[in-house]
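Structure first, then comments.
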Amino acid sequence: MKLISGGIIVFARYSAVITLLENKINKLPITINLIEDLLKAKGWSILKYDVNNGKQIELLKQYNIFAIAKRTKAFTYKRKTEKIVFIRSGLSANDKRMLLAHELGHIILGHMSSNNILGYKPGGLIDEGQEDEANEFALEFLAPVCILSQKHINTPQLISATTLLDDKRSNLVADEVRKHKKYTEYEEKLCDQFNEIKDKTIKIKYIVVAIITAILLITATITADYKNNQENIDYTQKTQEATPAPQITDVIVTKTGQKYHNPNCSYIKNKTNLIHMTADEAIQAGYQPCEICISNNK
């Protein structure tokens, strides 16, 4: 995190935590789909662009934003009733997620611009103050320090695996987590919100254990009553046969890639920046199936 004005840091982080609270977010990592849904709910369109596509170049020129589009990967355009978040096509899942969170920060923080592009001054010059605020918002939104601190996720490696941030940003967040001592009122509320899903999981586990225990007791009673019957059924074997074989859901993603892979995929062999997750989690995070290892196993 940059060494910028304390007021900017506090307000940007506060706004990120409030956004997580208001939208009842209680799970990490924050996904691309979630951010896109938040933007759309606020009335913003999301438009992918390619600076090498003739038709899209004409569109960008009509909006008088082609010069900025060429030198940046994402920006937010607001003019009268038009509200558009422009983002380049072909980005990695992580880049796209960070950029969308950054643009969401511009919007949440109420940034304004005389040339219709949030975070920019007339002439295409970057507004450093707005950019710093949006950066702080994005980092806190994707990796809320209070949550990581409460769960003792305090090393760059753990932070990266939990939030999908790159190594540089994970190191910055790790420093903030180690320094975090006192929880504000809204941080405590966010921690409670993240713990709700854990409490529900514990209750469900207790219910499942109770049901299994009851079934075992009934089964034991029936077995005892019929143990001398020549047609006695082997309940244990029957239960095992009725239970379907577990499906392999573990897949591998890389921090800079766009695909998810089977663990034995040749594409990720000998790579070190690997993150394990379920296929559903990978899809939610914005990753696409590998054409080599996933397609061949369908």
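Convention: chains lettered A, B, ... in structure tokens order; per-chain residue numbering from 1; ligands numbered from 1 as shown.
Near A:Ser15, within 12 Å and counting only C-alpha atoms, sit Ile8, Ile9, Leu21, Glu22, Leu104, Gly105, His106, Ile107, Ile108, Leu109, Gly110, Glu133, Ala134, Glu136, Phe137, Ala138, Leu139, Glu140, Phe141, Pro144, Tyr186 and Glu187 of chain A; same-chain residues fewer than 6 positions away were not included.
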Pick from A:Asn94, A:Lys42, A:Leu274, A:Gly124, whichever lies nearest to A:Thr72 using only C-alpha atoms: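 For A:Thr72, the nearest of the candidates is A:Gly124.
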Residue contacts of A:Leu148 (12 Å, only C-alpha atoms) excluding same-chain residues fewer than 5 positions away, as JSON, numbers by chain: {"A": [27, 28, 29, 140, 141, 142, 143, 153, 154, 155, 156, 158, 159, 160, 161, 162, 163, 170, 173, 174, 175, 176, 177, 178, 179, 180, 181, 187, 190, 191, 194]}
Distance of atom CA of A:Glu128 from atom CA of A:Ser114, expressed in Å to one decimal place: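 That distance, rounded to one decimal, is 15.0 Å.
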A:His261 environment, 12 Å, only C-alpha atoms, sequence neighbours closer than 6 positions dropped, as a PDB file with all heavy atoms, in the first residue's frame:
```pdb
ATOM      1  N   THR A 249     -12.845 -32.866  -7.767  1.00  0.00           N
ATOM      2  CA  THR A 249     -13.183 -31.456  -7.990  1.00  0.00           C
ATOM      3  C   THR A 249     -11.967 -30.553  -7.867  1.00  0.00           C
ATOM      4  O   THR A 249     -12.057 -29.367  -8.128  1.00  0.00           O
ATOM      5  CB  THR A 249     -14.245 -30.993  -6.981  1.00  0.00           C
ATOM      6  OG1 THR A 249     -13.734 -31.192  -5.657  1.00  0.00           O
ATOM      7  CG2 THR A 249     -15.530 -31.780  -7.152  1.00  0.00           C
ATOM      8  N   ASP A 250     -10.830 -31.093  -7.435  1.00  0.00           N
ATOM      9  CA  ASP A 250      -9.652 -30.261  -7.223  1.00  0.00           C
ATOM     10  C   ASP A 250      -9.026 -29.884  -8.550  1.00  0.00           C
ATOM     11  O   ASP A 250      -8.745 -30.747  -9.384  1.00  0.00           O
ATOM     12  CB  ASP A 250      -8.632 -31.015  -6.366  1.00  0.00           C
ATOM     13  CG  ASP A 250      -7.456 -30.135  -6.005  1.00  0.00           C
ATOM     14  OD1 ASP A 250      -7.698 -29.023  -5.520  1.00  0.00           O
ATOM     15  OD2 ASP A 250      -6.306 -30.557  -6.219  1.00  0.00           O
ATOM     16  N   VAL A 251      -8.869 -28.584  -8.792  1.00  0.00           N
ATOM     17  CA  VAL A 251      -8.209 -28.114 -10.000  1.00  0.00           C
ATOM     18  C   VAL A 251      -7.110 -27.136  -9.605  1.00  0.00           C
ATOM     19  O   VAL A 251      -7.007 -26.721  -8.461  1.00  0.00           O
ATOM     20  CB  VAL A 251      -9.211 -27.425 -10.966  1.00  0.00           C
ATOM     21  CG1 VAL A 251     -10.266 -28.403 -11.427  1.00  0.00           C
ATOM     22  CG2 VAL A 251      -9.852 -26.212 -10.302  1.00  0.00           C
ATOM     23  N   ILE A 252      -6.293 -26.782 -10.579  1.00  0.00           N
ATOM     24  CA  ILE A 252      -5.151 -25.910 -10.338  1.00  0.00           C
ATOM     25  C   ILE A 252      -5.283 -24.654 -11.194  1.00  0.00           C
ATOM     26  O   ILE A 252      -5.646 -24.728 -12.368  1.00  0.00           O
ATOM     27  CB  ILE A 252      -3.822 -26.620 -10.692  1.00  0.00           C
ATOM     28  CG1 ILE A 252      -3.728 -27.978  -9.978  1.00  0.00           C
ATOM     29  CG2 ILE A 252      -2.630 -25.733 -10.332  1.00  0.00           C
ATOM     30  CD1 ILE A 252      -3.627 -27.894  -8.481  1.00  0.00           C
ATOM     31  N   VAL A 253      -4.989 -23.478 -10.599  1.00  0.00           N
ATOM     32  CA  VAL A 253      -4.905 -22.235 -11.365  1.00  0.00           C
ATOM     33  C   VAL A 253      -3.579 -21.567 -11.061  1.00  0.00           C
ATOM     34  O   VAL A 253      -2.928 -21.876 -10.063  1.00  0.00           O
ATOM     35  CB  VAL A 253      -6.065 -21.266 -11.029  1.00  0.00           C
ATOM     36  CG1 VAL A 253      -7.398 -21.928 -11.277  1.00  0.00           C
ATOM     37  CG2 VAL A 253      -5.968 -20.775  -9.586  1.00  0.00           C
ATOM     38  N   THR A 254      -3.165 -20.683 -11.941  1.00  0.00           N
ATOM     39  CA  THR A 254      -1.981 -19.860 -11.699  1.00  0.00           C
ATOM     40  C   THR A 254      -2.413 -18.415 -11.532  1.00  0.00           C
ATOM     41  O   THR A 254      -3.459 -18.020 -12.043  1.00  0.00           O
ATOM     42  CB  THR A 254      -0.975 -19.977 -12.861  1.00  0.00           C
ATOM     43  OG1 THR A 254      -1.583 -19.458 -14.040  1.00  0.00           O
ATOM     44  CG2 THR A 254      -0.562 -21.419 -13.097  1.00  0.00           C
ATOM     45  N   TYR A 267       0.734 -28.601 -18.876  1.00  0.00           N
ATOM     46  CA  TYR A 267       0.930 -27.147 -19.001  1.00  0.00           C
ATOM     47  C   TYR A 267       1.448 -26.534 -17.700  1.00  0.00           C
ATOM     48  O   TYR A 267       2.187 -25.555 -17.727  1.00  0.00           O
ATOM     49  CB  TYR A 267      -0.392 -26.489 -19.401  1.00  0.00           C
ATOM     50  CG  TYR A 267      -0.276 -24.993 -19.591  1.00  0.00           C
ATOM     51  CD1 TYR A 267       0.241 -24.458 -20.769  1.00  0.00           C
ATOM     52  CD2 TYR A 267      -0.667 -24.104 -18.589  1.00  0.00           C
ATOM     53  CE1 TYR A 267       0.360 -23.086 -20.952  1.00  0.00           C
ATOM     54  CE2 TYR A 267      -0.551 -22.736 -18.756  1.00  0.00           C
ATOM     55  CZ  TYR A 267      -0.039 -22.233 -19.937  1.00  0.00           C
ATOM     56  OH  TYR A 267       0.087 -20.876 -20.096  1.00  0.00           O
ATOM     57  N   ILE A 268       1.049 -27.079 -16.550  1.00  0.00           N
ATOM     58  CA  ILE A 268       1.461 -26.493 -15.268  1.00  0.00           C
ATOM     59  C   ILE A 268       2.606 -27.260 -14.612  1.00  0.00           C
ATOM     60  O   ILE A 268       2.991 -26.960 -13.489  1.00  0.00           O
ATOM     61  CB  ILE A 268       0.265 -26.420 -14.295  1.00  0.00           C
ATOM     62  CG1 ILE A 268      -0.314 -27.819 -14.066  1.00  0.00           C
ATOM     63  CG2 ILE A 268      -0.787 -25.464 -14.799  1.00  0.00           C
ATOM     64  CD1 ILE A 268      -1.386 -27.842 -12.984  1.00  0.00           C
ATOM     65  N   LYS A 269       3.148 -28.243 -15.322  1.00  0.00           N
ATOM     66  CA  LYS A 269       4.245 -29.028 -14.771  1.00  0.00           C
ATOM     67  C   LYS A 269       5.450 -28.136 -14.479  1.00  0.00           C
ATOM     68  O   LYS A 269       5.832 -27.301 -15.280  1.00  0.00           O
ATOM     69  CB  LYS A 269       4.645 -30.126 -15.760  1.00  0.00           C
ATOM     70  CG  LYS A 269       5.689 -31.090 -15.203  1.00  0.00           C
ATOM     71  CD  LYS A 269       5.988 -32.203 -16.203  1.00  0.00           C
ATOM     72  CE  LYS A 269       7.018 -33.177 -15.641  1.00  0.00           C
ATOM     73  NZ  LYS A 269       7.336 -34.240 -16.609  1.00  0.00           N
ATOM     74  N   LEU A 274       1.211 -22.059  -8.096  1.00  0.00           N
ATOM     75  CA  LEU A 274      -0.020 -22.813  -8.279  1.00  0.00           C
ATOM     76  C   LEU A 274      -0.953 -22.643  -7.085  1.00  0.00           C
ATOM     77  O   LEU A 274      -0.523 -22.602  -5.942  1.00  0.00           O
ATOM     78  CB  LEU A 274       0.297 -24.297  -8.470  1.00  0.00           C
ATOM     79  CG  LEU A 274       1.284 -24.632  -9.607  1.00  0.00           C
ATOM     80  CD1 LEU A 274       1.503 -26.129  -9.690  1.00  0.00           C
ATOM     81  CD2 LEU A 274       0.778 -24.093 -10.938  1.00  0.00           C
ATOM     82  N   ILE A 275      -2.252 -22.560  -7.368  1.00  0.00           N
ATOM     83  CA  ILE A 275      -3.262 -22.434  -6.322  1.00  0.00           C
ATOM     84  C   ILE A 275      -4.316 -23.512  -6.544  1.00  0.00           C
ATOM     85  O   ILE A 275      -4.814 -23.689  -7.645  1.00  0.00           O
ATOM     86  CB  ILE A 275      -3.935 -21.041  -6.355  1.00  0.00           C
ATOM     87  CG1 ILE A 275      -2.884 -19.957  -6.104  1.00  0.00           C
ATOM     88  CG2 ILE A 275      -5.040 -20.946  -5.316  1.00  0.00           C
ATOM     89  CD1 ILE A 275      -3.420 -18.553  -6.262  1.00  0.00           C
ATOM     90  N   HIS A 276      -4.630 -24.277  -5.479  1.00  0.00           N
ATOM     91  CA  HIS A 276      -5.620 -25.341  -5.551  1.00  0.00           C
ATOM     92  C   HIS A 276      -7.000 -24.793  -5.174  1.00  0.00           C
ATOM     93  O   HIS A 276      -7.129 -24.002  -4.241  1.00  0.00           O
ATOM     94  CB  HIS A 276      -5.257 -26.477  -4.587  1.00  0.00           C
ATOM     95  CG  HIS A 276      -4.008 -27.199  -4.972  1.00  0.00           C
ATOM     96  ND1 HIS A 276      -4.008 -28.487  -5.470  1.00  0.00           N
ATOM     97  CD2 HIS A 276      -2.703 -26.814  -4.937  1.00  0.00           C
ATOM     98  CE1 HIS A 276      -2.756 -28.862  -5.721  1.00  0.00           C
ATOM     99  NE2 HIS A 276      -1.953 -27.861  -5.396  1.00  0.00           N
ATOM    100  N   MET A 277      -8.033 -25.225  -5.887  1.00  0.00           N
ATOM    101  CA  MET A 277      -9.409 -24.861  -5.557  1.00  0.00           C
ATOM    102  C   MET A 277     -10.343 -25.833  -6.255  1.00  0.00           C
ATOM    103  O   MET A 277      -9.896 -26.682  -7.044  1.00  0.00           O
ATOM    104  CB  MET A 277      -9.716 -23.414  -5.964  1.00  0.00           C
ATOM    105  CG  MET A 277      -9.544 -23.128  -7.438  1.00  0.00           C
ATOM    106  SD  MET A 277      -9.976 -21.398  -7.870  1.00  0.00           S
ATOM    107  CE  MET A 277      -8.717 -20.486  -6.992  1.00  0.00           C
ATOM    108  N   THR A 278     -11.625 -25.764  -5.970  1.00  0.00           N
ATOM    109  CA  THR A 278     -12.581 -26.608  -6.679  1.00  0.00           C
ATOM    110  C   THR A 278     -12.863 -26.009  -8.055  1.00  0.00           C
ATOM    111  O   THR A 278     -12.608 -24.824  -8.291  1.00  0.00           O
ATOM    112  CB  THR A 278     -13.908 -26.734  -5.912  1.00  0.00           C
ATOM    113  OG1 THR A 278     -14.556 -25.460  -5.893  1.00  0.00           O
ATOM    114  CG2 THR A 278     -13.682 -27.215  -4.496  1.00  0.00           C
ATOM    115  N   ALA A 279     -13.402 -26.833  -8.930  1.00  0.00           N
ATOM    116  CA  ALA A 279     -13.724 -26.352 -10.273  1.00  0.00           C
ATOM    117  C   ALA A 279     -14.751 -25.213 -10.217  1.00  0.00           C
ATOM    118  O   ALA A 279     -14.648 -24.233 -10.950  1.00  0.00           O
ATOM    119  CB  ALA A 279     -14.259 -27.508 -11.125  1.00  0.00           C
ATOM    120  N   ALA A 282     -13.033 -22.027  -9.257  1.00  0.00           N
ATOM    121  CA  ALA A 282     -12.238 -21.503 -10.369  1.00  0.00           C
ATOM    122  C   ALA A 282     -13.119 -20.787 -11.381  1.00  0.00           C
ATOM    123  O   ALA A 282     -12.784 -19.707 -11.872  1.00  0.00           O
ATOM    124  CB  ALA A 282     -11.463 -22.641 -11.043  1.00  0.00           C
ATOM    125  N   ILE A 283     -14.279 -21.380 -11.677  1.00  0.00           N
ATOM    126  CA  ILE A 283     -15.209 -20.768 -12.625  1.00  0.00           C
ATOM    127  C   ILE A 283     -15.720 -19.443 -12.081  1.00  0.00           C
ATOM    128  O   ILE A 283     -15.778 -18.438 -12.788  1.00  0.00           O
ATOM    129  CB  ILE A 283     -16.377 -21.726 -12.917  1.00  0.00           C
ATOM    130  CG1 ILE A 283     -15.855 -22.965 -13.675  1.00  0.00           C
ATOM    131  CG2 ILE A 283     -17.472 -21.034 -13.723  1.00  0.00           C
ATOM    132  CD1 ILE A 283     -16.861 -24.081 -13.797  1.00  0.00           C
ATOM    133  N   TYR A 287     -11.887 -18.042 -14.171  1.00  0.00           N
ATOM    134  CA  TYR A 287     -10.999 -18.883 -14.971  1.00  0.00           C
ATOM    135  C   TYR A 287     -11.819 -19.746 -15.941  1.00  0.00           C
ATOM    136  O   TYR A 287     -12.963 -20.122 -15.670  1.00  0.00           O
ATOM    137  CB  TYR A 287     -10.159 -19.789 -14.071  1.00  0.00           C
ATOM    138  CG  TYR A 287      -9.127 -19.058 -13.252  1.00  0.00           C
ATOM    139  CD1 TYR A 287      -9.417 -18.588 -11.984  1.00  0.00           C
ATOM    140  CD2 TYR A 287      -7.853 -18.819 -13.753  1.00  0.00           C
ATOM    141  CE1 TYR A 287      -8.473 -17.901 -11.223  1.00  0.00           C
ATOM    142  CE2 TYR A 287      -6.897 -18.138 -13.004  1.00  0.00           C
ATOM    143  CZ  TYR A 287      -7.209 -17.683 -11.737  1.00  0.00           C
ATOM    144  OH  TYR A 287      -6.270 -17.014 -10.992  1.00  0.00           O
ATOM    145  N   GLN A 288     -11.209 -20.066 -17.087  1.00  0.00           N
ATOM    146  CA  GLN A 288     -11.826 -20.909 -18.107  1.00  0.00           C
ATOM    147  C   GLN A 288     -11.150 -22.284 -18.101  1.00  0.00           C
ATOM    148  O   GLN A 288      -9.988 -22.407 -17.717  1.00  0.00           O
ATOM    149  CB  GLN A 288     -11.670 -20.272 -19.495  1.00  0.00           C
ATOM    150  CG  GLN A 288     -12.311 -18.893 -19.620  1.00  0.00           C
ATOM    151  CD  GLN A 288     -13.809 -18.944 -19.480  1.00  0.00           C
ATOM    152  OE1 GLN A 288     -14.438 -19.875 -19.985  1.00  0.00           O
ATOM    153  NE2 GLN A 288     -14.378 -17.966 -18.797  1.00  0.00           N
ATOM    154  N   PRO A 289     -11.848 -23.355 -18.525  1.00  0.00           N
ATOM    155  CA  PRO A 289     -11.229 -24.692 -18.542  1.00  0.00           C
ATOM    156  C   PRO A 289     -10.101 -24.796 -19.562  1.00  0.00           C
ATOM    157  O   PRO A 289     -10.180 -24.235 -20.648  1.00  0.00           O
ATOM    158  CB  PRO A 289     -12.401 -25.609 -18.914  1.00  0.00           C
ATOM    159  CG  PRO A 289     -13.370 -24.724 -19.609  1.00  0.00           C
ATOM    160  CD  PRO A 289     -13.249 -23.380 -18.961  1.00  0.00           C
ATOM    161  N   CYS A 290      -9.051 -25.492 -19.201  1.00  0.00           N
ATOM    162  CA  CYS A 290      -7.919 -25.723 -20.099  1.00  0.00           C
ATOM    163  C   CYS A 290      -8.377 -26.602 -21.263  1.00  0.00           C
ATOM    164  O   CYS A 290      -9.001 -27.654 -21.053  1.00  0.00           O
ATOM    165  CB  CYS A 290      -6.783 -26.397 -19.319  1.00  0.00           C
ATOM    166  SG  CYS A 290      -5.426 -26.970 -20.366  1.00  0.00           S
ATOM    167  N   GLU A 291      -8.058 -26.197 -22.502  1.00  0.00           N
ATOM    168  CA  GLU A 291      -8.476 -26.960 -23.678  1.00  0.00           C
ATOM    169  C   GLU A 291      -7.772 -28.312 -23.769  1.00  0.00           C
ATOM    170  O   GLU A 291      -8.252 -29.240 -24.404  1.00  0.00           O
ATOM    171  CB  GLU A 291      -8.211 -26.161 -24.958  1.00  0.00           C
ATOM    172  CG  GLU A 291      -9.023 -24.897 -25.105  1.00  0.00           C
ATOM    173  CD  GLU A 291      -8.370 -23.709 -24.429  1.00  0.00           C
ATOM    174  OE1 GLU A 291      -7.378 -23.915 -23.696  1.00  0.00           O
ATOM    175  OE2 GLU A 291      -8.850 -22.562 -24.595  1.00  0.00           O
ATOM    176  N   ILE A 292      -6.608 -28.416 -23.112  1.00  0.00           N
ATOM    177  CA  ILE A 292      -5.805 -29.641 -23.220  1.00  0.00           C
ATOM    178  C   ILE A 292      -6.263 -30.707 -22.223  1.00  0.00           C
ATOM    179  O   ILE A 292      -6.696 -31.787 -22.589  1.00  0.00           O
ATOM    180  CB  ILE A 292      -4.306 -29.341 -22.999  1.00  0.00           C
ATOM    181  CG1 ILE A 292      -3.813 -28.343 -24.065  1.00  0.00           C
ATOM    182  CG2 ILE A 292      -3.489 -30.619 -23.033  1.00  0.00           C
ATOM    183  CD1 ILE A 292      -2.401 -27.874 -23.854  1.00  0.00           C
ATOM    184  N   CYS A 293      -6.199 -30.361 -20.913  1.00  0.00           N
ATOM    185  CA  CYS A 293      -6.455 -31.397 -19.904  1.00  0.00           C
ATOM    186  C   CYS A 293      -7.923 -31.528 -19.535  1.00  0.00           C
ATOM    187  O   CYS A 293      -8.386 -32.621 -19.231  1.00  0.00           O
ATOM    188  CB  CYS A 293      -5.634 -31.120 -18.652  1.00  0.00           C
ATOM    189  SG  CYS A 293      -6.095 -29.588 -17.795  1.00  0.00           S
ATOM    190  N   ILE A 294      -8.690 -30.453 -19.542  1.00  0.00           N
ATOM    191  CA  ILE A 294     -10.098 -30.544 -19.150  1.00  0.00           C
ATOM    192  C   ILE A 294     -10.930 -31.126 -20.270  1.00  0.00           C
ATOM    193  O   ILE A 294     -11.740 -32.011 -20.072  1.00  0.00           O
ATOM    194  CB  ILE A 294     -10.655 -29.161 -18.743  1.00  0.00           C
ATOM    195  CG1 ILE A 294      -9.829 -28.556 -17.608  1.00  0.00           C
ATOM    196  CG2 ILE A 294     -12.128 -29.275 -18.343  1.00  0.00           C
ATOM    197  CD1 ILE A 294      -9.885 -29.319 -16.326  1.00  0.00           C
ATOM    198  N   SER A 295     -10.716 -30.617 -21.492  1.00  0.00           N
ATOM    199  CA  SER A 295     -11.496 -31.086 -22.641  1.00  0.00           C
ATOM    200  C   SER A 295     -11.318 -32.579 -22.868  1.00  0.00           C
ATOM    201  O   SER A 295     -12.248 -33.294 -23.201  1.00  0.00           O
ATOM    202  CB  SER A 295     -11.110 -30.326 -23.904  1.00  0.00           C
ATOM    203  OG  SER A 295     -11.369 -28.944 -23.755  1.00  0.00           O
ATOM    204  N   ASN A 296     -10.065 -33.067 -22.680  1.00  0.00           N
ATOM    205  CA  ASN A 296      -9.787 -34.484 -22.934  1.00  0.00           C
ATOM    206  C   ASN A 296     -10.406 -35.391 -21.892  1.00  0.00           C
ATOM    207  O   ASN A 296     -10.461 -36.597 -22.067  1.00  0.00           O
ATOM    208  CB  ASN A 296      -8.271 -34.726 -22.948  1.00  0.00           C
ATOM    209  CG  ASN A 296      -7.632 -34.113 -24.183  1.00  0.00           C
ATOM    210  OD1 ASN A 296      -8.317 -33.840 -25.160  1.00  0.00           O
ATOM    211  ND2 ASN A 296      -6.337 -33.886 -24.129  1.00  0.00           N
ATOM    212  N   ASN A 297     -10.876 -34.798 -20.788  1.00  0.00           N
ATOM    213  CA  ASN A 297     -11.424 -35.636 -19.720  1.00  0.00           C
ATOM    214  C   ASN A 297     -12.945 -35.537 -19.644  1.00  0.00           C
ATOM    215  O   ASN A 297     -13.557 -35.968 -18.683  1.00  0.00           O
ATOM    216  CB  ASN A 297     -10.810 -35.232 -18.373  1.00  0.00           C
ATOM    217  CG  ASN A 297      -9.400 -35.751 -18.237  1.00  0.00           C
ATOM    218  OD1 ASN A 297      -9.179 -36.909 -17.895  1.00  0.00           O
ATOM    219  ND2 ASN A 297      -8.423 -34.886 -18.490  1.00  0.00           N
TER     220      ASN A 297
END
```
